[in-house]
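Each remark here refers to the structure printed beneath this line.
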Amino acid sequence: MLNLNFVAAHQQIPLIHVVHEDDQLLANSPEAEWYSILQNLPWKEHRKIGADYYNALYHFNKTRTKNQKNRDLSKEPKETATQRLLFDRATMDESAPVLLEEEPITDILPMVTPEMIAPGITPDRLGGKKPKCFFALFKSFIGASLMGLDPIPDKVDLLLTSNPSYARVCGFIPKGDNDQYSFKHVPDLRKLEQFDQIMTDYGLWDRLKIQQVIENIKQGIIKEEKELVGDTTHYHAFSSFETLTYIDENGKEQRKSQSKTTKNCRCQDKDNCRHPWQLADDGAGTIVKAHNKYIWGHKASILGLPMQGIPLDAIAVADAATHDGETLYPHVVRLFAQYPQVRAWIEKVLYDSACDSQPLKDKFRDQLGLELKASLNPRRKKTVTENLPKGMKKLTAYGNLVCNADFEMDYNGVRNETERFIYRAPVDTNRISVCDSCEQKPVCCPTAEQGRAVQVPFDMLAHIDSQDPPMAKRFKATMKRRPAVERMIKRLKCDLGDDRLKKRSNASFQAYLDKTMTAFHILLRS
Ligand SMILES: [Zn+2]
């Protein structure tokens, strides 16, 4: 069906509208949700970014060089460069930002204005051939994600060339063998790569993502919640590493993995050419998982709303080797700067044990007025089995108390005057204390009428905050909402993409996150 909403006012309505049977089938198929989303994607809200894309394309064609930092590195030997790159990393240089801070190229002349463009209408003034349509290119990438494929040039190319319905719904005409160039034809792989690179370098994927989130907040699709939940996740890097040795500030030899030192020029004599040495895959690092498992990858920090299961932001960590506890604070600050309306909602932030640190909790309270709730990190505390109250077998580092008859005591609260945690024996299904029928009762609590009551001094669990202990029902109820972030991560990583990256560099990793986030928030609206 020809949808008149998507034809600009000044655009000629096609006189003949060809109906493709496959397209009709897809439009009516509940399985092919991607088709109707792409078909009905509103374009006017993306017109500003579209205009900026054409301006960026013009700028890109004119310059084709990216700004380098103002250092003369032309004579730097490779070994020196490797060490320089190592000490520039966020895990080595304390002054370096923890999260990726790409500086998009912005010093471009606005030649194309939003009013000049629409789907199928591309600007003329760029010189040379008419450029491919921004809206069609944008749909092609987001569509890949909606179908659960990587939103990367190779996959988009495959979709556009193998699936004519896909090409048409995005706004392209499938190309015949002998057809002359038309800006309406499906672009070749190189053009798709160029589009992706421009969208990345000029910060346009990022802006598209922010626009989707703001739109969903404005439309009330994202509703107010008082809690924010965070976590990090890793993606496998598309690179290899080498293990370097260096001397730390104490004069001790240390080892660290780093991606290879390389030049991305095509010069024959790389050792002597004027281009600076770079990391082959900046941002990649060793991520330590449980059970001493090591992963060479990129790390992202995710923040979202637990009740609705909606990720609000996903950002590349500047160096994947960064500890999880360091990413939360700067990310929350950044999220609030981007979405001030969200800041007004939030009272509490939930995180796993990586953020169980009193100085960090103080920082959240003092700087942001927020309560940081983290799962308990027992650190090196062990289960206690000696000097326990009578009849008790063990007290775990998490404050769980178990008696000699293997019943876990119920936590009842604190007595602040005597500085003690209070526990009581559990009741059975008939609400009768398990002590009543227990063999141990004569030696444990012969006179207790409602079962054994136990008091444990605060000192025995010195690592636990007595005013907010993890054994308390309220604490447990709050932390039940934390794993919601893991479901958000699964949606982004598995349902809308792939956790094995096919491109290098943190900038393209961030672009990947932005594209999957955009797809997520478009889906939310449909
Ligand atoms: Zn070179």
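By convention here, the chains of the structure tokens are called A, B, ... in the order presented, each chain's residues are numbered starting at 1, and ligands are numbered starting at 1 in the order presented.
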Using DSSP on the backbone coordinates, identify all residues within region 108-275 of chain A classified as strand (DSSP E); present the result as a list of chain:residue names.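 Filtering region 108-275 of chain A to strand (DSSP E) leaves A:Glu227, A:Leu228, A:Val229, A:Gly230, A:Asp231, A:Thr232, A:Thr233, A:His234, A:Tyr235, A:His236, A:Phe241, A:Glu242, A:Thr243, A:Leu244, A:Thr245, A:Tyr246, A:Ile247, A:Glu253, A:Gln254, A:Arg255, A:Lys256, A:Ser257, A:Gln258, A:Ser259, A:Thr261, A:Thr262.
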Residues at most 12 Å from Ser36 (chain A), counting only C-alpha atoms, excluding those fewer than 5 positions away in the same chain, as a VMD selection string? chain A and resid 1 3 23 to 31 41 to 42 139 143 146 to 147 165 to 166 169 to 170 522 to 523 526
Shell of 12 Å around Ala344 (chain A), only C-alpha atoms, local chain residues under 4 positions omitted, as a PDB file with N, CA and C atoms, in the first residue's frame:
ATOM      1  N   GLU A 224       7.932   6.710  34.445  1.00  0.00           N
ATOM      2  CA  GLU A 224       8.772   7.066  35.581  1.00  0.00           C
ATOM      3  C   GLU A 224       9.024   5.861  36.479  1.00  0.00           C
ATOM      4  N   GLU A 225      10.289   5.700  36.889  1.00  0.00           N
ATOM      5  CA  GLU A 225      10.655   4.737  37.927  1.00  0.00           C
ATOM      6  C   GLU A 225      11.595   5.455  38.878  1.00  0.00           C
ATOM      7  N   LYS A 226      11.623   4.973  40.115  1.00  0.00           N
ATOM      8  CA  LYS A 226      12.458   5.647  41.106  1.00  0.00           C
ATOM      9  C   LYS A 226      13.838   5.008  41.239  1.00  0.00           C
ATOM     10  N   GLU A 227      14.010   3.880  40.549  1.00  0.00           N
ATOM     11  CA  GLU A 227      15.293   3.182  40.645  1.00  0.00           C
ATOM     12  C   GLU A 227      15.950   3.059  39.278  1.00  0.00           C
ATOM     13  N   LEU A 228      17.269   3.068  39.339  1.00  0.00           N
ATOM     14  CA  LEU A 228      18.087   2.866  38.156  1.00  0.00           C
ATOM     15  C   LEU A 228      18.915   1.622  38.439  1.00  0.00           C
ATOM     16  N   LEU A 335      24.421  10.142  32.133  1.00  0.00           N
ATOM     17  CA  LEU A 335      23.014   9.859  31.803  1.00  0.00           C
ATOM     18  C   LEU A 335      22.119  11.030  32.225  1.00  0.00           C
ATOM     19  N   PHE A 336      22.361  11.548  33.427  1.00  0.00           N
ATOM     20  CA  PHE A 336      21.542  12.638  33.941  1.00  0.00           C
ATOM     21  C   PHE A 336      21.738  13.918  33.127  1.00  0.00           C
ATOM     22  N   ALA A 337      22.984  14.126  32.634  1.00  0.00           N
ATOM     23  CA  ALA A 337      23.239  15.300  31.815  1.00  0.00           C
ATOM     24  C   ALA A 337      22.482  15.189  30.491  1.00  0.00           C
ATOM     25  N   TYR A 339      19.701  13.190  29.912  1.00  0.00           N
ATOM     26  CA  TYR A 339      18.255  13.107  30.109  1.00  0.00           C
ATOM     27  C   TYR A 339      17.882  13.697  31.476  1.00  0.00           C
ATOM     28  N   PRO A 340      17.819  15.032  31.561  1.00  0.00           N
ATOM     29  CA  PRO A 340      17.532  15.670  32.852  1.00  0.00           C
ATOM     30  C   PRO A 340      16.193  15.206  33.433  1.00  0.00           C
ATOM     31  N   LYS A 348      17.299   5.913  43.769  1.00  0.00           N
ATOM     32  CA  LYS A 348      18.144   4.800  44.192  1.00  0.00           C
ATOM     33  C   LYS A 348      18.824   4.180  42.972  1.00  0.00           C
ATOM     34  N   LEU A 368      25.198  13.308  44.326  1.00  0.00           N
ATOM     35  CA  LEU A 368      23.992  13.188  43.502  1.00  0.00           C
ATOM     36  C   LEU A 368      22.718  13.080  44.328  1.00  0.00           C
ATOM     37  N   GLY A 369      22.865  12.968  45.649  1.00  0.00           N
ATOM     38  CA  GLY A 369      21.686  12.803  46.496  1.00  0.00           C
ATOM     39  C   GLY A 369      20.979  11.484  46.269  1.00  0.00           C
ATOM     40  N   LEU A 370      21.723  10.459  45.859  1.00  0.00           N
ATOM     41  CA  LEU A 370      21.126   9.161  45.554  1.00  0.00           C
ATOM     42  C   LEU A 370      21.621   8.103  46.524  1.00  0.00           C
TER      43      LEU A 370
END
Enumerate residues in contact with ligand 1: an atom-to-atom distance of at most 7 Å, counting only C-alpha atoms and all ligand atoms. Format the result as a list in words.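 Residues lying within 7 Å of ligand 1: Lys263, Cys265, Arg266, Cys267, Lys270, Cys273, Arg274 and His275 of chain A.
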Residues just named, written with N, CA, C and O atoms as a PDB file, in the first residue's frame:
ATOM      1  N   LYS A 263      49.921   0.778  12.154  1.00  0.00           N
ATOM      2  CA  LYS A 263      49.584   2.035  11.467  1.00  0.00           C
ATOM      3  C   LYS A 263      48.467   1.698  10.504  1.00  0.00           C
ATOM      4  O   LYS A 263      48.504   0.655   9.862  1.00  0.00           O
ATOM      5  N   CYS A 265      47.823   3.294   7.796  1.00  0.00           N
ATOM      6  CA  CYS A 265      48.101   3.808   6.448  1.00  0.00           C
ATOM      7  C   CYS A 265      48.488   2.636   5.548  1.00  0.00           C
ATOM      8  O   CYS A 265      48.598   1.508   6.004  1.00  0.00           O
ATOM      9  N   ARG A 266      48.691   2.916   4.273  1.00  0.00           N
ATOM     10  CA  ARG A 266      49.045   1.833   3.362  1.00  0.00           C
ATOM     11  C   ARG A 266      50.493   1.952   2.873  1.00  0.00           C
ATOM     12  O   ARG A 266      50.856   1.378   1.853  1.00  0.00           O
ATOM     13  N   CYS A 267      51.288   2.722   3.605  1.00  0.00           N
ATOM     14  CA  CYS A 267      52.679   2.925   3.189  1.00  0.00           C
ATOM     15  C   CYS A 267      53.435   1.588   3.193  1.00  0.00           C
ATOM     16  O   CYS A 267      53.163   0.722   4.009  1.00  0.00           O
ATOM     17  N   LYS A 270      56.466   1.078   6.766  1.00  0.00           N
ATOM     18  CA  LYS A 270      55.722   1.591   7.918  1.00  0.00           C
ATOM     19  C   LYS A 270      56.658   2.094   9.032  1.00  0.00           C
ATOM     20  O   LYS A 270      56.290   2.975   9.804  1.00  0.00           O
ATOM     21  N   CYS A 273      57.619   5.782   7.758  1.00  0.00           N
ATOM     22  CA  CYS A 273      56.681   6.759   7.195  1.00  0.00           C
ATOM     23  C   CYS A 273      56.242   7.742   8.282  1.00  0.00           C
ATOM     24  O   CYS A 273      56.493   7.548   9.466  1.00  0.00           O
ATOM     25  N   ARG A 274      55.544   8.815   7.862  1.00  0.00           N
ATOM     26  CA  ARG A 274      55.268   9.914   8.794  1.00  0.00           C
ATOM     27  C   ARG A 274      54.039   9.685   9.666  1.00  0.00           C
ATOM     28  O   ARG A 274      53.726  10.479  10.538  1.00  0.00           O
ATOM     29  N   HIS A 275      53.305   8.581   9.421  1.00  0.00           N
ATOM     30  CA  HIS A 275      52.065   8.365  10.180  1.00  0.00           C
ATOM     31  C   HIS A 275      52.348   7.835  11.587  1.00  0.00           C
ATOM     32  O   HIS A 275      53.305   7.101  11.775  1.00  0.00           O
TER      33      HIS A 275
END
DSSP-assigned alpha helix (DSSP H) members of region 159-301 of chain A, reported as number ranges by chain: A: 159-162, 164-170, 189-201, 204-218
Residue nearest Leu461 (chain A) - candidates A:Glu79, A:Glu419, A:Asp206, A:Glu449, atoms counted: only C-alpha atoms: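 Nearest to Leu461 (chain A): A:Glu419.
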Using only C-alpha atoms, determine which residues lie at most 9 Å from region 356-359 of chain A, disregarding the query and same-chain residues fewer than 5 positions distant; provide the list as a list in words.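 Contacts, with the query itself left out: Gly325, Tyr351, Phe364, Leu372, Lys373, Ala374, Ser375, Leu376 and Asn377 of chain A.
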Which of A:Asn216, A:Thr518, A:Thr200, A:Ser162 sits closest to Pro104 (chain A) [using only C-alpha atoms]: A:Thr200
So which one's closest to Ala314 (chain A), A:Pro442, A:Gly230, A:Pro276, A:Pro110? Using only C-alpha atoms, please.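 Counting only C-alpha atoms, the residue closest to Ala314 (chain A) is A:Gly230.
Shell of region 195-198 of chain A at 8 Å, with only C-alpha atoms counted and residues fewer than 6 places along the chain excluded, is Tyr53, Ala56, Leu57, Phe60, Leu137, Ile152, Pro153 and Leu204 of chain A.
Of the residues under consideration (A:Trp296, A:Tyr398, A:Tyr202, A:Tyr181), A:Trp296 shows the shortest atom-to-atom contact distance to Glu242 (chain A) when counting only C-alpha atoms.
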Might you pull out every residue within 12 Å of region 248-259 of chain A, with only C-alpha atoms counted and same-chain residues fewer than 2 positions away left off, and present them as a PyMOL selection string? chain A and resi 82-89+91-93+237-246+261-262+278-287+294-298+319-321+504-505
What is the distance between CA of Trp34 (chain A) and CA of Pro131 (chain A), in Å to one decimal? 25.5 Å
Closest to Lys130 (chain A) among A:Ala96, A:Lys361, A:Tyr58, A:Thr80, using only C-alpha atoms?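 Ranked by minimum distance to Lys130 (chain A), first place goes to A:Tyr58.
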Can you tell me which residues surround Gln450 (chain A) at a distance of at most 10 Å, considering only C-alpha atoms, apart from same-chain residues fewer than 5 positions away, and format the answer as a PyMOL selection string? chain A and resi 424-427+432-436
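In terms of minimum interatomic distance to Ile108 (chain A), A:Asn61 ranks closest within A:Phe134, A:Asn61, A:Phe407, A:Ser140, counting only C-alpha atoms.
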If you measure from CA of Met488 (chain A) to CA of Ile310 (chain A), what distance in Å do you get, rounded to one decimal?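 Result for CA of Met488 (chain A) versus CA of Ile310 (chain A): 6.5 Å, one decimal.
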